[in-house]
>>> print(open('run.txt').read())   # compact mmCIF, C-alpha atoms
# COMPACT_ATOMS: atom_id res chain seq x y z
CA MET A 1 -76.39 0.11 -24.70
CA ALA A 2 -74.54 1.51 -27.70
CA SER A 3 -72.00 3.44 -25.69
CA ALA A 4 -71.15 0.41 -23.57
CA ASP A 5 -70.71 -1.66 -26.71
CA LEU A 6 -68.38 0.93 -28.17
CA LEU A 7 -66.31 1.04 -24.99
CA ARG A 8 -66.06 -2.75 -25.04
CA ARG A 9 -64.94 -2.68 -28.66
CA GLU A 10 -62.38 -0.01 -27.81
CA GLU A 11 -60.98 -2.11 -24.96
CA GLU A 12 -60.72 -5.15 -27.23
CA PHE A 13 -59.00 -3.00 -29.84
CA TYR A 14 -56.49 -1.75 -27.25
CA SER A 15 -55.67 -5.25 -26.05
CA SER A 16 -55.18 -6.54 -29.60
CA LEU A 17 -53.15 -3.48 -30.57
CA PHE A 18 -50.55 -3.94 -27.82
CA ASP A 19 -50.48 -7.71 -27.99
CA SER A 20 -47.24 -8.09 -29.94
CA ALA A 21 -47.56 -11.85 -30.00
CA LYS A 22 -50.80 -11.70 -31.96
CA GLY A 23 -50.01 -8.56 -34.02
CA ASP A 24 -48.18 -8.29 -37.27
CA GLY A 25 -44.45 -8.48 -36.64
CA VAL A 26 -43.51 -6.15 -39.49
CA ARG A 27 -45.97 -3.45 -38.46
CA SER A 28 -44.16 -0.49 -36.84
CA ARG A 29 -45.35 1.19 -33.66
CA SER A 30 -46.12 4.44 -35.53
CA GLN A 31 -48.47 2.56 -37.84
CA LEU A 32 -50.18 0.97 -34.86
CA ILE A 33 -50.65 4.37 -33.21
CA GLU A 34 -52.08 5.80 -36.43
CA ARG A 35 -54.56 2.96 -36.64
CA LYS A 36 -55.42 3.46 -33.02
CA ILE A 37 -56.06 7.19 -33.46
CA GLU A 38 -58.19 6.59 -36.55
CA ALA A 39 -60.26 4.03 -34.67
CA LEU A 40 -60.71 6.38 -31.72
CA GLU A 41 -61.79 9.22 -33.98
CA ASP A 42 -64.28 6.97 -35.73
CA MET A 43 -65.65 5.77 -32.41
CA ALA A 44 -65.88 9.33 -31.02
CA THR A 45 -68.15 10.39 -33.87
CA LYS A 46 -70.57 7.54 -33.14
CA VAL A 47 -70.86 7.99 -29.38
CA SER A 48 -73.74 10.16 -28.20
CA ASN A 49 -73.29 9.80 -24.47
CA ARG A 50 -71.40 12.84 -23.12
CA ARG A 51 -69.42 10.86 -20.59
CA SER A 52 -68.39 8.23 -23.12
CA ARG A 53 -67.40 10.88 -25.65
CA LYS A 54 -65.26 12.65 -23.03
CA TRP A 55 -63.54 9.36 -22.16
CA LEU A 56 -62.78 8.67 -25.81
CA ASN A 57 -61.44 12.21 -26.33
CA ASP A 58 -59.14 11.82 -23.34
CA ARG A 59 -57.80 8.55 -24.72
CA LEU A 60 -57.27 10.21 -28.09
CA LEU A 61 -55.25 13.02 -26.50
CA ILE A 62 -53.16 10.49 -24.60
CA GLU A 63 -52.31 8.71 -27.84
CA LEU A 64 -51.28 11.99 -29.48
CA VAL A 65 -48.65 12.57 -26.78
CA PRO A 66 -45.49 10.50 -27.31
CA ARG A 67 -44.16 8.43 -24.49
CA LEU A 68 -41.61 10.27 -22.34
CA HIS A 69 -38.14 9.03 -21.53
CA VAL A 70 -36.77 8.93 -17.99
CA GLU A 71 -34.93 12.26 -18.35
CA GLU A 72 -38.02 13.92 -19.77
CA ILE A 73 -40.15 12.68 -16.89
CA LYS A 74 -37.50 13.89 -14.45
CA GLY A 75 -37.60 17.32 -16.04
CA LEU A 76 -41.32 17.61 -15.35
CA PHE A 77 -40.59 17.71 -11.63
CA ALA A 78 -37.83 20.30 -11.79
CA PRO A 79 -36.89 22.58 -10.06
CA PRO A 80 -35.98 21.08 -6.66
CA PRO A 81 -36.82 19.33 -4.51
CA TRP A 82 -37.30 16.80 -7.34
CA GLY A 83 -35.08 18.12 -10.10
CA GLU A 84 -31.44 19.12 -10.27
CA GLU A 85 -29.96 21.19 -7.46
CA LEU A 86 -29.84 24.95 -7.88
CA PRO A 87 -26.56 26.88 -7.40
CA LEU A 88 -25.98 28.27 -3.94
CA SER A 89 -27.25 31.78 -3.34
CA ALA A 90 -25.08 34.66 -2.14
CA PHE A 91 -26.52 34.27 1.37
CA CYS A 92 -25.57 30.59 1.46
CA ARG A 93 -22.01 31.36 0.34
CA THR A 94 -21.45 33.87 3.14
CA SER A 95 -20.02 32.98 6.48
CA VAL A 96 -22.46 31.00 8.57
CA GLY A 97 -21.84 33.16 11.61
CA GLU A 98 -22.43 36.43 9.77
CA TRP A 99 -25.60 35.13 8.13
CA ASP A 100 -26.94 33.75 11.39
CA ALA A 101 -26.29 37.08 13.10
CA PHE A 102 -28.21 38.87 10.38
CA ARG A 103 -31.03 36.35 10.30
CA SER A 104 -31.49 36.07 14.05
CA ILE A 105 -31.22 39.79 14.86
CA ASP A 106 -33.27 40.90 17.83
CA MET A 107 -36.48 42.70 16.88
CA ASP A 108 -35.71 45.64 19.19
CA THR A 109 -32.23 45.95 17.74
CA GLU A 110 -33.68 45.85 14.24
CA ALA A 111 -36.18 48.59 15.13
CA ARG A 112 -33.42 50.81 16.58
CA LEU A 113 -31.26 50.24 13.51
CA MET A 114 -34.08 51.14 11.12
CA GLN A 115 -34.93 54.25 13.17
CA HIS A 116 -31.27 55.32 13.12
CA MET A 117 -31.08 54.89 9.37
CA LYS A 118 -34.30 56.86 8.93
CA SER A 119 -33.07 59.68 11.19
CA SER A 120 -29.74 59.84 9.36
CA SER A 121 -31.54 60.07 6.03
CA GLU A 122 -33.83 62.83 7.31
CA LYS A 123 -30.90 64.80 8.76
CA GLN A 124 -28.99 64.52 5.50
CA ARG A 125 -32.04 65.66 3.53
CA THR A 126 -32.61 68.57 5.94
CA HIS A 127 -28.98 69.57 5.59
CA VAL A 128 -29.28 69.53 1.79
CA ASP A 129 -32.50 71.56 1.96
CA GLU A 130 -30.80 74.18 4.12
CA ASP A 131 -27.88 74.46 1.68
CA GLU A 132 -30.30 74.83 -1.22
CA LEU A 133 -32.23 77.54 0.63
CA VAL A 134 -29.00 79.47 1.30
CA ALA A 135 -28.08 79.20 -2.39
CA VAL A 136 -31.55 80.39 -3.48
CA ASN A 137 -31.34 83.43 -1.22
CA ALA A 138 -27.85 84.18 -2.48
CA TRP A 139 -29.07 83.94 -6.08
CA ARG A 140 -31.91 86.36 -5.33
CA ARG A 141 -29.42 88.93 -4.05
CA ILE A 142 -28.13 89.33 -7.60
CA ASP A 143 -30.06 91.97 -9.52
CA ARG A 144 -32.44 90.72 -12.16
CA GLN A 145 -30.52 92.04 -15.16
CA THR A 146 -27.29 90.38 -14.06
CA ARG A 147 -29.12 87.10 -13.39
CA GLU A 148 -30.51 87.08 -16.91
CA VAL A 149 -27.06 87.75 -18.38
CA ILE A 150 -25.47 84.96 -16.33
CA LYS A 151 -28.15 82.45 -17.33
CA ARG A 152 -28.18 83.47 -20.98
CA ASN A 153 -24.37 83.41 -21.31
CA PHE A 154 -23.38 80.63 -18.93
CA LEU A 155 -19.57 80.51 -18.68
CA PRO A 156 -18.81 78.02 -15.89
CA ASP A 157 -15.02 78.10 -16.26
CA LEU A 158 -14.81 81.88 -15.90
CA LEU A 159 -17.36 81.94 -13.07
CA GLU A 160 -15.44 79.26 -11.19
CA ILE A 161 -12.27 81.35 -11.40
CA TYR A 162 -14.06 84.36 -9.91
CA GLU A 163 -15.76 82.20 -7.30
CA GLU A 164 -12.50 80.68 -6.17
CA ARG A 165 -10.93 84.13 -5.69
CA VAL A 166 -13.94 85.50 -3.81
CA ARG A 167 -14.42 82.42 -1.61
CA THR A 168 -10.72 82.41 -0.69
CA PHE A 169 -10.99 86.09 0.20
CA ILE A 170 -14.04 85.48 2.42
CA GLU A 171 -12.50 82.49 4.19
CA ASP A 172 -9.22 84.35 4.82
CA THR A 173 -8.98 84.95 8.57
CA SER A 174 -6.17 87.48 8.33
CA ASP A 175 -6.61 91.24 8.55
CA LYS A 176 -6.92 91.51 4.78
CA ASP A 177 -10.30 93.09 4.11
CA VAL A 178 -9.89 94.23 0.51
CA LEU A 179 -9.49 92.25 -2.72
CA VAL A 180 -8.68 94.05 -5.95
CA LEU A 181 -9.18 92.38 -9.33
CA ASN A 182 -8.25 94.02 -12.59
CA VAL A 183 -10.91 92.94 -15.06
CA GLN A 184 -10.96 95.08 -18.21
CA ASP A 185 -13.68 93.38 -20.23
CA PRO A 186 -17.10 94.92 -19.41
CA PHE A 187 -18.99 91.64 -19.75
CA GLN A 188 -16.56 89.74 -17.55
CA ARG A 189 -16.68 92.56 -15.02
CA LEU A 190 -20.49 92.22 -14.93
CA LEU A 191 -20.10 88.51 -14.15
CA LEU A 192 -17.67 89.37 -11.37
CA HIS A 193 -20.18 91.76 -9.81
CA GLY A 194 -22.79 89.00 -9.97
CA VAL A 195 -20.44 86.59 -8.15
CA CYS A 196 -19.80 89.22 -5.47
CA GLU A 197 -23.51 89.71 -4.91
CA PHE A 198 -23.99 85.95 -4.66
CA TYR A 199 -21.43 85.79 -1.83
CA ASN A 200 -22.72 88.97 -0.15
CA VAL A 201 -19.62 91.13 -0.61
CA THR A 202 -19.44 94.62 -2.06
CA SER A 203 -17.78 95.29 -5.38
CA THR A 204 -16.93 98.70 -6.80
CA THR A 205 -15.20 99.42 -10.09
CA SER A 206 -12.96 102.48 -10.35
CA SER A 207 -11.40 103.98 -13.47
CA SER A 208 -7.86 105.25 -13.89
CA VAL A 209 -5.21 105.64 -16.55
CA ARG A 210 -2.24 103.34 -16.86
CA ASP A 211 0.39 103.80 -19.55
CA GLY A 212 -1.87 106.26 -21.27
CA LYS A 213 -4.78 103.78 -21.45
CA PRO A 214 -7.99 103.52 -19.42
CA TRP A 215 -7.68 101.07 -16.58
CA LYS A 216 -10.45 99.42 -14.56
CA ALA A 217 -9.98 98.01 -11.07
CA THR A 218 -12.71 96.22 -9.09
CA THR A 219 -12.42 96.53 -5.33
CA ILE A 220 -14.13 93.82 -3.27
CA LYS A 221 -14.83 94.22 0.44
CA LYS A 222 -16.56 92.15 3.08
CA ARG A 223 -19.85 93.35 4.47
CA GLN A 224 -20.88 93.24 8.08
CA GLY A 225 -23.30 90.41 7.27
CA THR A 226 -20.84 88.45 5.13
CA GLY A 227 -20.64 84.95 6.57
CA VAL A 228 -19.38 81.52 5.62
CA PRO A 229 -19.70 80.96 1.85
CA SER A 230 -22.55 78.82 0.63
CA ARG A 231 -21.74 75.14 0.33
CA ILE A 232 -23.40 75.20 -3.08
CA THR A 233 -21.39 77.33 -5.47
CA LEU A 234 -22.96 79.61 -8.05
CA VAL A 235 -21.93 77.30 -10.89
CA SER A 236 -23.37 74.25 -9.10
CA PHE A 237 -26.59 76.15 -8.39
CA LEU A 238 -26.98 77.18 -12.04
CA ARG A 239 -26.43 73.60 -13.15
CA MET A 240 -29.08 72.43 -10.69
CA LYS A 241 -31.52 74.98 -12.12
CA LYS A 242 -30.66 73.83 -15.63
CA ASN A 243 -31.37 70.20 -14.70
CA GLY A 244 -34.67 71.16 -13.06
CA SER A 245 -33.62 70.64 -9.43
CA GLN A 246 -34.72 74.13 -8.50
>>> encode(input="run.txt", output="structure tokens")
Amino acid sequence: MASADLLRREEEFYSSLFDSAKGDGVRSRSQLIERKIEALEDMATKVSNRRSRKWLNDRLLIELVPRLHVEEIKGLFAPPPWGEELPLSAFCRTSVGEWDAFRSIDMDTEARLMQHMKSSSEKQRTHVDEDELVAVNAWRRIDRQTREVIKRNFLPDLLEIYEERVRTFIEDTSDKDVLVLNVQDPFQRLLLHGVCEFYNVTSTTSSSVRDGKPWKATTIKKRQGTGVPSRITLVSFLRMKKNGSQ
């Protein structure tokens, strides 16, 4: 059979090619490999049997790959358990007792811990939702025109000054039930009225004359329904709305 004859010729060629005693001493290994590849290519074109052709192609591919050194072969089996050792992980560097306690935690204890963490998260979220709801209701107490002015001309520094004065007045437990602020600028006085509405206190501006000039005084009083100030300030609420949180 032709294919068997070709395989026999290829085996004889292999044995003669690697027989250094019979080969040419001046011939380099690269030249031998080139001759070998050329012979394999020539033989592959003449073989019609599919199995024989596949065998020749495999031998040709083997010859195209250079021989690997020991370190290269070792690298083929990396990472461990065959290759070099990996650095210790953070868990391995921790105390053995602490890691064992974490790893061998009782399933019931783990379930209780997870449930506690979930409940704490839900309570915190509920608390935040309640604060946001209080702030939304406080914002709605401000009349629409004042709300538009506050949003269009957002002055956080000035609003924080007014908020601090009003919040201190509300939280004061003494018998003081009136706060008077002398704000002469009409726009700033409008902002002050908006802050008072946010914190559910009344604000009334009266006119008088001082040193021959008109004088404005804003009187702030607590209402019967005035309670603890919102945890979320007006400035914080407006920033939340600006960032899309509301």
>>> atom_distance(input="run.txt", atom1="atom CA of Trp215 of chain A", atom2="atom CA of Thr168 of chain A")
24.7 Å
>>> atom_distance(input="run.txt", atom1="atom CA of Ile232 of chain A", atom2="atom CA of Tyr162 of chain A")
14.8 Å
>>> atom_distance(input="run.txt", atom1="atom CA of Lys221 of chain A", atom2="atom CA of Tyr199 of chain A")
10.9 Å
>>> axis_aligned_box(input="run.txt", around="segment 180-191 of chain A", padding_each_side="8 Å", output="lines of an AutoDock Vina configuration file")
center_x = -14.4
center_y = 91.8
center_z = -13.1
size_x = 28.2
size_y = 22.6
size_z = 30.3
>>> closest_residue(input="run.txt", among="A:Thr146, A:Ser230, A:Gln115, A:Asn57", to="Leu190 of chain A", atoms="all atoms listed in the file")
A:Thr146
>>> residues_around(input="run.txt", residues="Pro229 of chain A", least_positions_apart="2", cutoff="7 Å", atoms="only C-alpha atoms", output="JSON, numbers by chain")
{"A": [167, 199, 227, 231]}
>>> residues_around(input="run.txt", residues="Arg140 of chain A", least_positions_apart="5", cutoff="12 Å", atoms="only C-alpha atoms", output="VMD selection string")
chain A and resid 133 to 135 145 to 148 194 to 195 197 to 200 234 237
>>> build_atoms(input="run.txt", residues="segment 145-156 of chain A", atoms="all heavy atoms", output="PDB file, in the coordinates of the input")
ATOM      1  N   GLN A 145     -31.201  91.922 -13.875  1.00  0.00           N
ATOM      2  CA  GLN A 145     -30.520  92.040 -15.160  1.00  0.00           C
ATOM      3  C   GLN A 145     -29.271  91.165 -15.205  1.00  0.00           C
ATOM      4  O   GLN A 145     -29.013  90.473 -16.190  1.00  0.00           O
ATOM      5  CB  GLN A 145     -30.139  93.501 -15.417  1.00  0.00           C
ATOM      6  CG  GLN A 145     -29.441  93.720 -16.756  1.00  0.00           C
ATOM      7  CD  GLN A 145     -29.052  95.177 -16.979  1.00  0.00           C
ATOM      8  OE1 GLN A 145     -29.321  96.029 -16.114  1.00  0.00           O
ATOM      9  NE2 GLN A 145     -28.424  95.468 -18.099  1.00  0.00           N
ATOM     10  N   THR A 146     -28.503  91.199 -14.108  1.00  0.00           N
ATOM     11  CA  THR A 146     -27.290  90.380 -14.060  1.00  0.00           C
ATOM     12  C   THR A 146     -27.625  88.893 -14.071  1.00  0.00           C
ATOM     13  O   THR A 146     -26.927  88.084 -14.701  1.00  0.00           O
ATOM     14  CB  THR A 146     -26.469  90.724 -12.805  1.00  0.00           C
ATOM     15  OG1 THR A 146     -26.217  92.135 -12.782  1.00  0.00           O
ATOM     16  CG2 THR A 146     -25.139  90.003 -12.801  1.00  0.00           C
ATOM     17  N   ARG A 147     -28.704  88.516 -13.374  1.00  0.00           N
ATOM     18  CA  ARG A 147     -29.120  87.100 -13.390  1.00  0.00           C
ATOM     19  C   ARG A 147     -29.438  86.634 -14.795  1.00  0.00           C
ATOM     20  O   ARG A 147     -29.037  85.530 -15.200  1.00  0.00           O
ATOM     21  CB  ARG A 147     -30.341  86.901 -12.475  1.00  0.00           C
ATOM     22  CG  ARG A 147     -30.055  87.023 -11.000  1.00  0.00           C
ATOM     23  CD  ARG A 147     -31.110  86.294 -10.176  1.00  0.00           C
ATOM     24  NE  ARG A 147     -32.452  86.741 -10.487  1.00  0.00           N
ATOM     25  CZ  ARG A 147     -33.140  87.619  -9.771  1.00  0.00           C
ATOM     26  NH1 ARG A 147     -32.575  88.194  -8.708  1.00  0.00           N
ATOM     27  NH2 ARG A 147     -34.370  87.968 -10.093  1.00  0.00           N
ATOM     28  N   GLU A 148     -30.158  87.460 -15.547  1.00  0.00           N
ATOM     29  CA  GLU A 148     -30.510  87.080 -16.910  1.00  0.00           C
ATOM     30  C   GLU A 148     -29.269  86.938 -17.787  1.00  0.00           C
ATOM     31  O   GLU A 148     -29.178  86.026 -18.615  1.00  0.00           O
ATOM     32  CB  GLU A 148     -31.461  88.113 -17.512  1.00  0.00           C
ATOM     33  CG  GLU A 148     -32.831  88.147 -16.855  1.00  0.00           C
ATOM     34  CD  GLU A 148     -33.549  86.816 -16.970  1.00  0.00           C
ATOM     35  OE1 GLU A 148     -33.406  86.154 -18.019  1.00  0.00           O
ATOM     36  OE2 GLU A 148     -34.265  86.435 -16.022  1.00  0.00           O
ATOM     37  N   VAL A 149     -28.303  87.824 -17.591  1.00  0.00           N
ATOM     38  CA  VAL A 149     -27.060  87.750 -18.380  1.00  0.00           C
ATOM     39  C   VAL A 149     -26.292  86.480 -18.036  1.00  0.00           C
ATOM     40  O   VAL A 149     -25.779  85.784 -18.922  1.00  0.00           O
ATOM     41  CB  VAL A 149     -26.194  88.997 -18.135  1.00  0.00           C
ATOM     42  CG1 VAL A 149     -24.820  88.832 -18.786  1.00  0.00           C
ATOM     43  CG2 VAL A 149     -26.886  90.234 -18.681  1.00  0.00           C
ATOM     44  N   ILE A 150     -26.206  86.153 -16.752  1.00  0.00           N
ATOM     45  CA  ILE A 150     -25.470  84.960 -16.330  1.00  0.00           C
ATOM     46  C   ILE A 150     -26.121  83.698 -16.865  1.00  0.00           C
ATOM     47  O   ILE A 150     -25.439  82.766 -17.325  1.00  0.00           O
ATOM     48  CB  ILE A 150     -25.372  84.920 -14.791  1.00  0.00           C
ATOM     49  CG1 ILE A 150     -24.514  86.073 -14.282  1.00  0.00           C
ATOM     50  CG2 ILE A 150     -24.785  83.590 -14.332  1.00  0.00           C
ATOM     51  CD1 ILE A 150     -24.461  86.172 -12.765  1.00  0.00           C
ATOM     52  N   LYS A 151     -27.443  83.638 -16.825  1.00  0.00           N
ATOM     53  CA  LYS A 151     -28.150  82.450 -17.330  1.00  0.00           C
ATOM     54  C   LYS A 151     -28.059  82.352 -18.848  1.00  0.00           C
ATOM     55  O   LYS A 151     -27.896  81.253 -19.391  1.00  0.00           O
ATOM     56  CB  LYS A 151     -29.617  82.490 -16.892  1.00  0.00           C
ATOM     57  CG  LYS A 151     -29.823  82.246 -15.414  1.00  0.00           C
ATOM     58  CD  LYS A 151     -31.282  82.028 -15.077  1.00  0.00           C
ATOM     59  CE  LYS A 151     -32.129  83.231 -15.402  1.00  0.00           C
ATOM     60  NZ  LYS A 151     -33.560  83.016 -15.024  1.00  0.00           N
ATOM     61  N   ARG A 152     -28.178  83.489 -19.517  1.00  0.00           N
ATOM     62  CA  ARG A 152     -28.180  83.470 -20.980  1.00  0.00           C
ATOM     63  C   ARG A 152     -26.785  83.170 -21.540  1.00  0.00           C
ATOM     64  O   ARG A 152     -26.647  82.533 -22.576  1.00  0.00           O
ATOM     65  CB  ARG A 152     -28.692  84.804 -21.508  1.00  0.00           C
ATOM     66  CG  ARG A 152     -28.878  84.836 -23.027  1.00  0.00           C
ATOM     67  CD  ARG A 152     -29.665  86.044 -23.484  1.00  0.00           C
ATOM     68  NE  ARG A 152     -29.042  87.296 -23.061  1.00  0.00           N
ATOM     69  CZ  ARG A 152     -29.549  88.100 -22.127  1.00  0.00           C
ATOM     70  NH1 ARG A 152     -30.660  87.776 -21.491  1.00  0.00           N
ATOM     71  NH2 ARG A 152     -28.931  89.225 -21.799  1.00  0.00           N
ATOM     72  N   ASN A 153     -25.746  83.639 -20.869  1.00  0.00           N
ATOM     73  CA  ASN A 153     -24.370  83.410 -21.310  1.00  0.00           C
ATOM     74  C   ASN A 153     -23.615  82.682 -20.197  1.00  0.00           C
ATOM     75  O   ASN A 153     -22.788  83.281 -19.490  1.00  0.00           O
ATOM     76  CB  ASN A 153     -23.673  84.736 -21.648  1.00  0.00           C
ATOM     77  CG  ASN A 153     -24.424  85.527 -22.705  1.00  0.00           C
ATOM     78  OD1 ASN A 153     -24.320  85.265 -23.895  1.00  0.00           O
ATOM     79  ND2 ASN A 153     -25.204  86.525 -22.259  1.00  0.00           N
ATOM     80  N   PHE A 154     -23.947  81.424 -20.025  1.00  0.00           N
ATOM     81  CA  PHE A 154     -23.380  80.630 -18.930  1.00  0.00           C
ATOM     82  C   PHE A 154     -21.948  80.237 -19.268  1.00  0.00           C
ATOM     83  O   PHE A 154     -21.697  79.455 -20.187  1.00  0.00           O
ATOM     84  CB  PHE A 154     -24.248  79.401 -18.689  1.00  0.00           C
ATOM     85  CG  PHE A 154     -23.789  78.561 -17.530  1.00  0.00           C
ATOM     86  CD1 PHE A 154     -23.472  79.147 -16.314  1.00  0.00           C
ATOM     87  CD2 PHE A 154     -23.687  77.187 -17.650  1.00  0.00           C
ATOM     88  CE1 PHE A 154     -23.055  78.384 -15.239  1.00  0.00           C
ATOM     89  CE2 PHE A 154     -23.282  76.412 -16.586  1.00  0.00           C
ATOM     90  CZ  PHE A 154     -22.961  77.014 -15.376  1.00  0.00           C
ATOM     91  N   LEU A 155     -20.995  80.800 -18.490  1.00  0.00           N
ATOM     92  CA  LEU A 155     -19.570  80.510 -18.680  1.00  0.00           C
ATOM     93  C   LEU A 155     -19.026  79.920 -17.381  1.00  0.00           C
ATOM     94  O   LEU A 155     -18.474  80.640 -16.533  1.00  0.00           O
ATOM     95  CB  LEU A 155     -18.808  81.791 -19.050  1.00  0.00           C
ATOM     96  CG  LEU A 155     -19.274  82.516 -20.318  1.00  0.00           C
ATOM     97  CD1 LEU A 155     -18.527  83.827 -20.490  1.00  0.00           C
ATOM     98  CD2 LEU A 155     -19.086  81.627 -21.543  1.00  0.00           C
ATOM     99  N   PRO A 156     -19.189  78.628 -17.180  1.00  0.00           N
ATOM    100  CA  PRO A 156     -18.810  78.020 -15.890  1.00  0.00           C
ATOM    101  C   PRO A 156     -17.335  78.148 -15.564  1.00  0.00           C
ATOM    102  O   PRO A 156     -16.981  78.366 -14.396  1.00  0.00           O
ATOM    103  CB  PRO A 156     -19.223  76.547 -16.068  1.00  0.00           C
ATOM    104  CG  PRO A 156     -19.289  76.328 -17.535  1.00  0.00           C
ATOM    105  CD  PRO A 156     -19.714  77.630 -18.129  1.00  0.00           C
TER     106      PRO A 156
END
